[in-house]
Amino acid sequence: MADQPILRLFVIAMLIAIVISLGMAFRNLFRTQGKGTGTVRALTVRVALSIALFIILMVLAKLGVIKPH
(Lines give C-alpha, C1' and ligand atoms only; values in the text may rest on other atoms or scores of the structure.)
Protein backbone atom coordinates (compact mmCIF):
# COMPACT_ATOMS: atom_id res chain seq x y z
CA MET A 1 0.00 0.00 0.00
CA ALA A 2 3.05 2.24 0.14
CA ASP A 3 2.88 2.91 -3.60
CA GLN A 4 -0.82 3.89 -3.45
CA PRO A 5 -1.18 7.14 -1.51
CA ILE A 6 -4.88 7.47 -2.40
CA LEU A 7 -5.69 4.24 -0.55
CA ARG A 8 -3.56 5.31 2.40
CA LEU A 9 -5.39 8.65 2.58
CA PHE A 10 -8.75 6.88 2.28
CA VAL A 11 -7.97 4.54 5.17
CA ILE A 12 -6.69 7.41 7.31
CA ALA A 13 -9.81 9.46 6.51
CA MET A 14 -12.07 6.54 7.45
CA LEU A 15 -10.21 6.04 10.75
CA ILE A 16 -10.51 9.75 11.52
CA ALA A 17 -14.26 9.61 10.74
CA ILE A 18 -14.61 6.63 13.09
CA VAL A 19 -12.84 8.47 15.92
CA ILE A 20 -14.93 11.62 15.31
CA SER A 21 -18.11 9.56 15.47
CA LEU A 22 -16.96 8.04 18.74
CA GLY A 23 -16.26 11.52 20.10
CA MET A 24 -19.72 12.69 19.02
CA ALA A 25 -21.29 9.77 20.89
CA PHE A 26 -19.29 10.63 24.00
CA ARG A 27 -20.33 14.29 23.77
CA ASN A 28 -24.00 13.37 23.27
CA LEU A 29 -23.88 10.97 26.19
CA PHE A 30 -22.82 13.70 28.60
CA ARG A 31 -24.88 16.47 27.03
CA THR A 32 -28.22 14.61 27.16
CA GLN A 33 -27.44 12.46 30.22
CA GLY A 34 -28.22 9.36 28.12
CA LYS A 35 -31.84 10.35 27.44
CA GLY A 36 -31.59 11.19 23.74
CA THR A 37 -31.01 9.09 20.65
CA GLY A 38 -27.92 11.00 19.52
CA THR A 39 -25.54 8.63 21.28
CA VAL A 40 -27.08 5.55 19.70
CA ARG A 41 -27.08 7.20 16.28
CA ALA A 42 -23.40 8.21 16.56
CA LEU A 43 -22.40 4.73 17.71
CA THR A 44 -24.40 3.20 14.86
CA VAL A 45 -22.53 5.39 12.39
CA ARG A 46 -19.22 4.35 13.98
CA VAL A 47 -20.04 0.66 13.67
CA ALA A 48 -21.22 1.10 10.07
CA LEU A 49 -18.01 2.95 9.14
CA SER A 50 -15.88 0.27 10.81
CA ILE A 51 -17.67 -2.57 9.01
CA ALA A 52 -17.48 -0.70 5.69
CA LEU A 53 -13.74 -0.13 6.11
CA PHE A 54 -13.20 -3.79 6.99
CA ILE A 55 -15.17 -5.00 3.96
CA ILE A 56 -13.40 -2.58 1.62
CA LEU A 57 -9.99 -3.71 2.87
CA MET A 58 -10.92 -7.38 2.49
CA VAL A 59 -12.18 -6.83 -1.07
CA LEU A 60 -9.02 -4.88 -2.00
CA ALA A 61 -6.88 -7.65 -0.53
CA LYS A 62 -8.83 -10.31 -2.43
CA LEU A 63 -8.43 -8.36 -5.69
CA GLY A 64 -4.70 -8.04 -5.07
CA VAL A 65 -4.72 -4.25 -4.89
CA ILE A 66 -3.20 -4.36 -1.43
CA LYS A 67 -1.07 -7.09 0.08
CA PRO A 68 -1.63 -7.95 3.74
CA HIS A 69 1.38 -8.89 5.82
# chains A, B, ... in the order shown; residues from 1 in each chain; ligands from 1
>>> residues_around(residues="Ser21 (chain A)", least_positions_apart="3", cutoff="7 Å", atoms="only C-alpha atoms", output="list in words")
Ala17, Ile18, Met24, Ala25, Ala42, Leu43, Val45 and Arg46 of chain A
>>> select_by_dssp(residues="chain A", states="helix (DSSP H, G or I)", output="mmCIF file with N, CA and C atoms, in the first residue's frame")
data_model
loop_
_atom_site.group_PDB
_atom_site.id
_atom_site.type_symbol
_atom_site.label_atom_id
_atom_site.label_comp_id
_atom_site.auth_asym_id
_atom_site.auth_seq_id
_atom_site.Cartn_x
_atom_site.Cartn_y
_atom_site.Cartn_z
ATOM 1 N N PRO A 5 -0.856 6.148 -2.549
ATOM 2 C CA PRO A 5 -1.178 7.142 -1.511
ATOM 3 C C PRO A 5 -2.672 7.434 -1.399
ATOM 4 N N ILE A 6 -3.432 7.231 -2.466
ATOM 5 C CA ILE A 6 -4.882 7.468 -2.404
ATOM 6 C C ILE A 6 -5.526 6.489 -1.417
ATOM 7 N N LEU A 7 -5.140 5.229 -1.481
ATOM 8 C CA LEU A 7 -5.689 4.241 -0.546
ATOM 9 C C LEU A 7 -5.277 4.550 0.883
ATOM 10 N N ARG A 8 -4.047 4.966 1.063
ATOM 11 C CA ARG A 8 -3.561 5.308 2.400
ATOM 12 C C ARG A 8 -4.370 6.478 2.966
ATOM 13 N N LEU A 9 -4.602 7.501 2.146
ATOM 14 C CA LEU A 9 -5.395 8.647 2.584
ATOM 15 C C LEU A 9 -6.841 8.250 2.871
ATOM 16 N N PHE A 10 -7.387 7.348 2.059
ATOM 17 C CA PHE A 10 -8.750 6.879 2.277
ATOM 18 C C PHE A 10 -8.877 6.157 3.615
ATOM 19 N N VAL A 11 -7.935 5.283 3.912
ATOM 20 C CA VAL A 11 -7.967 4.536 5.170
ATOM 21 C C VAL A 11 -7.804 5.486 6.353
ATOM 22 N N ILE A 12 -6.892 6.438 6.235
ATOM 23 C CA ILE A 12 -6.694 7.405 7.313
ATOM 24 C C ILE A 12 -7.953 8.249 7.507
ATOM 25 N N ALA A 13 -8.583 8.667 6.411
ATOM 26 C CA ALA A 13 -9.814 9.461 6.506
ATOM 27 C C ALA A 13 -10.932 8.655 7.168
ATOM 28 N N MET A 14 -11.047 7.385 6.830
ATOM 29 C CA MET A 14 -12.066 6.542 7.449
ATOM 30 C C MET A 14 -11.797 6.378 8.948
ATOM 31 N N LEU A 15 -10.544 6.180 9.326
ATOM 32 C CA LEU A 15 -10.211 6.039 10.745
ATOM 33 C C LEU A 15 -10.501 7.333 11.508
ATOM 34 N N ILE A 16 -10.205 8.470 10.888
ATOM 35 C CA ILE A 16 -10.513 9.755 11.524
ATOM 36 C C ILE A 16 -12.017 9.910 11.681
ATOM 37 N N ALA A 17 -12.791 9.521 10.661
ATOM 38 C CA ALA A 17 -14.255 9.612 10.742
ATOM 39 C C ALA A 17 -14.789 8.704 11.853
ATOM 40 N N ILE A 18 -14.191 7.545 12.033
ATOM 41 C CA ILE A 18 -14.606 6.626 13.093
ATOM 42 C C ILE A 18 -14.343 7.241 14.464
ATOM 43 N N VAL A 19 -13.180 7.847 14.634
ATOM 44 C CA VAL A 19 -12.841 8.471 15.916
ATOM 45 C C VAL A 19 -13.739 9.682 16.175
ATOM 46 N N ILE A 20 -14.032 10.471 15.145
ATOM 47 C CA ILE A 20 -14.928 11.622 15.305
ATOM 48 C C ILE A 20 -16.319 11.155 15.716
ATOM 49 N N SER A 21 -16.804 10.087 15.108
ATOM 50 C CA SER A 21 -18.113 9.562 15.468
ATOM 51 C C SER A 21 -18.130 9.077 16.916
ATOM 52 N N LEU A 22 -17.054 8.470 17.353
ATOM 53 C CA LEU A 22 -16.957 8.042 18.744
ATOM 54 C C LEU A 22 -16.974 9.250 19.684
ATOM 55 N N GLY A 23 -16.269 10.301 19.307
ATOM 56 C CA GLY A 23 -16.264 11.521 20.100
ATOM 57 C C GLY A 23 -17.642 12.167 20.156
ATOM 58 N N MET A 24 -18.366 12.136 19.046
ATOM 59 C CA MET A 24 -19.721 12.692 19.025
ATOM 60 C C MET A 24 -20.640 11.898 19.955
ATOM 61 N N ALA A 25 -20.483 10.594 19.985
ATOM 62 C CA ALA A 25 -21.287 9.766 20.887
ATOM 63 C C ALA A 25 -20.971 10.108 22.343
ATOM 64 N N PHE A 26 -19.702 10.279 22.637
ATOM 65 C CA PHE A 26 -19.286 10.625 24.000
ATOM 66 C C PHE A 26 -19.856 11.979 24.412
ATOM 67 N N ARG A 27 -19.799 12.955 23.496
ATOM 68 C CA ARG A 27 -20.335 14.290 23.774
ATOM 69 C C ARG A 27 -21.850 14.237 23.985
ATOM 70 N N ASN A 28 -22.552 13.494 23.127
ATOM 71 C CA ASN A 28 -24.005 13.373 23.267
ATOM 72 C C ASN A 28 -24.391 12.660 24.556
ATOM 73 N N LEU A 29 -23.594 11.707 24.959
ATOM 74 C CA LEU A 29 -23.884 10.971 26.188
ATOM 75 C C LEU A 29 -23.878 11.908 27.396
ATOM 76 N N PHE A 30 -22.896 12.792 27.457
ATOM 77 C CA PHE A 30 -22.822 13.704 28.596
ATOM 78 C C PHE A 30 -23.758 14.892 28.450
ATOM 79 N N ARG A 31 -24.017 15.320 27.237
ATOM 80 C CA ARG A 31 -24.882 16.474 27.033
ATOM 81 C C ARG A 31 -26.337 16.145 27.360
ATOM 82 N N GLY A 38 -29.135 10.582 20.212
ATOM 83 C CA GLY A 38 -27.917 10.999 19.517
ATOM 84 C C GLY A 38 -26.747 10.062 19.756
ATOM 85 N N THR A 39 -26.644 9.542 20.963
ATOM 86 C CA THR A 39 -25.542 8.634 21.284
ATOM 87 C C THR A 39 -25.661 7.344 20.486
ATOM 88 N N VAL A 40 -26.863 6.800 20.443
ATOM 89 C CA VAL A 40 -27.081 5.551 19.702
ATOM 90 C C VAL A 40 -26.825 5.775 18.216
ATOM 91 N N ARG A 41 -27.273 6.905 17.695
ATOM 92 C CA ARG A 41 -27.079 7.205 16.280
ATOM 93 C C ARG A 41 -25.589 7.334 15.946
ATOM 94 N N ALA A 42 -24.832 8.039 16.803
ATOM 95 C CA ALA A 42 -23.400 8.212 16.557
ATOM 96 C C ALA A 42 -22.657 6.882 16.657
ATOM 97 N N LEU A 43 -23.042 6.042 17.601
ATOM 98 C CA LEU A 43 -22.400 4.731 17.713
ATOM 99 C C LEU A 43 -22.769 3.825 16.541
ATOM 100 N N THR A 44 -23.988 3.960 16.040
ATOM 101 C CA THR A 44 -24.399 3.196 14.861
ATOM 102 C C THR A 44 -23.574 3.609 13.642
ATOM 103 N N VAL A 45 -23.354 4.897 13.497
ATOM 104 C CA VAL A 45 -22.525 5.395 12.391
ATOM 105 C C VAL A 45 -21.104 4.859 12.527
ATOM 106 N N ARG A 46 -20.583 4.845 13.749
ATOM 107 C CA ARG A 46 -19.223 4.348 13.977
ATOM 108 C C ARG A 46 -19.097 2.882 13.597
ATOM 109 N N VAL A 47 -20.070 2.087 14.001
ATOM 110 C CA VAL A 47 -20.038 0.659 13.674
ATOM 111 C C VAL A 47 -20.158 0.457 12.168
ATOM 112 N N ALA A 48 -21.045 1.219 11.527
ATOM 113 C CA ALA A 48 -21.217 1.098 10.073
ATOM 114 C C ALA A 48 -19.935 1.480 9.343
ATOM 115 N N LEU A 49 -19.272 2.545 9.773
ATOM 116 C CA LEU A 49 -18.009 2.946 9.145
ATOM 117 C C LEU A 49 -16.931 1.881 9.345
ATOM 118 N N SER A 50 -16.880 1.304 10.534
ATOM 119 C CA SER A 50 -15.882 0.266 10.813
ATOM 120 C C SER A 50 -16.109 -0.970 9.956
ATOM 121 N N ILE A 51 -17.353 -1.395 9.825
ATOM 122 C CA ILE A 51 -17.672 -2.565 9.005
ATOM 123 C C ILE A 51 -17.385 -2.275 7.528
ATOM 124 N N ALA A 52 -17.741 -1.068 7.085
ATOM 125 C CA ALA A 52 -17.481 -0.701 5.690
ATOM 126 C C ALA A 52 -15.983 -0.698 5.400
ATOM 127 N N LEU A 53 -15.185 -0.144 6.302
ATOM 128 C CA LEU A 53 -13.736 -0.130 6.111
ATOM 129 C C LEU A 53 -13.186 -1.550 6.072
ATOM 130 N N PHE A 54 -13.655 -2.403 6.959
ATOM 131 C CA PHE A 54 -13.195 -3.791 6.987
ATOM 132 C C PHE A 54 -13.529 -4.505 5.680
ATOM 133 N N ILE A 55 -14.757 -4.342 5.211
ATOM 134 C CA ILE A 55 -15.168 -5.003 3.962
ATOM 135 C C ILE A 55 -14.368 -4.477 2.780
ATOM 136 N N ILE A 56 -14.175 -3.164 2.725
ATOM 137 C CA ILE A 56 -13.399 -2.578 1.622
ATOM 138 C C ILE A 56 -11.976 -3.109 1.626
ATOM 139 N N LEU A 57 -11.354 -3.191 2.799
ATOM 140 C CA LEU A 57 -9.986 -3.712 2.872
ATOM 141 C C LEU A 57 -9.913 -5.184 2.478
ATOM 142 N N MET A 58 -10.912 -5.965 2.867
ATOM 143 C CA MET A 58 -10.920 -7.379 2.495
ATOM 144 C C MET A 58 -11.102 -7.552 0.980
ATOM 145 N N VAL A 59 -11.969 -6.752 0.381
ATOM 146 C CA VAL A 59 -12.179 -6.831 -1.074
ATOM 147 C C VAL A 59 -10.905 -6.413 -1.813
ATOM 148 N N LEU A 60 -10.261 -5.331 -1.363
ATOM 149 C CA LEU A 60 -9.023 -4.877 -1.999
ATOM 150 C C LEU A 60 -7.927 -5.924 -1.862
ATOM 151 N N ALA A 61 -7.865 -6.596 -0.719
ATOM 152 C CA ALA A 61 -6.877 -7.650 -0.528
ATOM 153 C C ALA A 61 -7.178 -8.837 -1.437
ATOM 154 N N LYS A 62 -8.456 -9.187 -1.569
ATOM 155 C CA LYS A 62 -8.834 -10.315 -2.426
ATOM 156 C C LYS A 62 -8.537 -10.017 -3.895
ATOM 157 N N LEU A 63 -8.719 -8.755 -4.302
ATOM 158 C CA LEU A 63 -8.435 -8.363 -5.687
ATOM 159 C C LEU A 63 -6.944 -8.177 -5.949
#
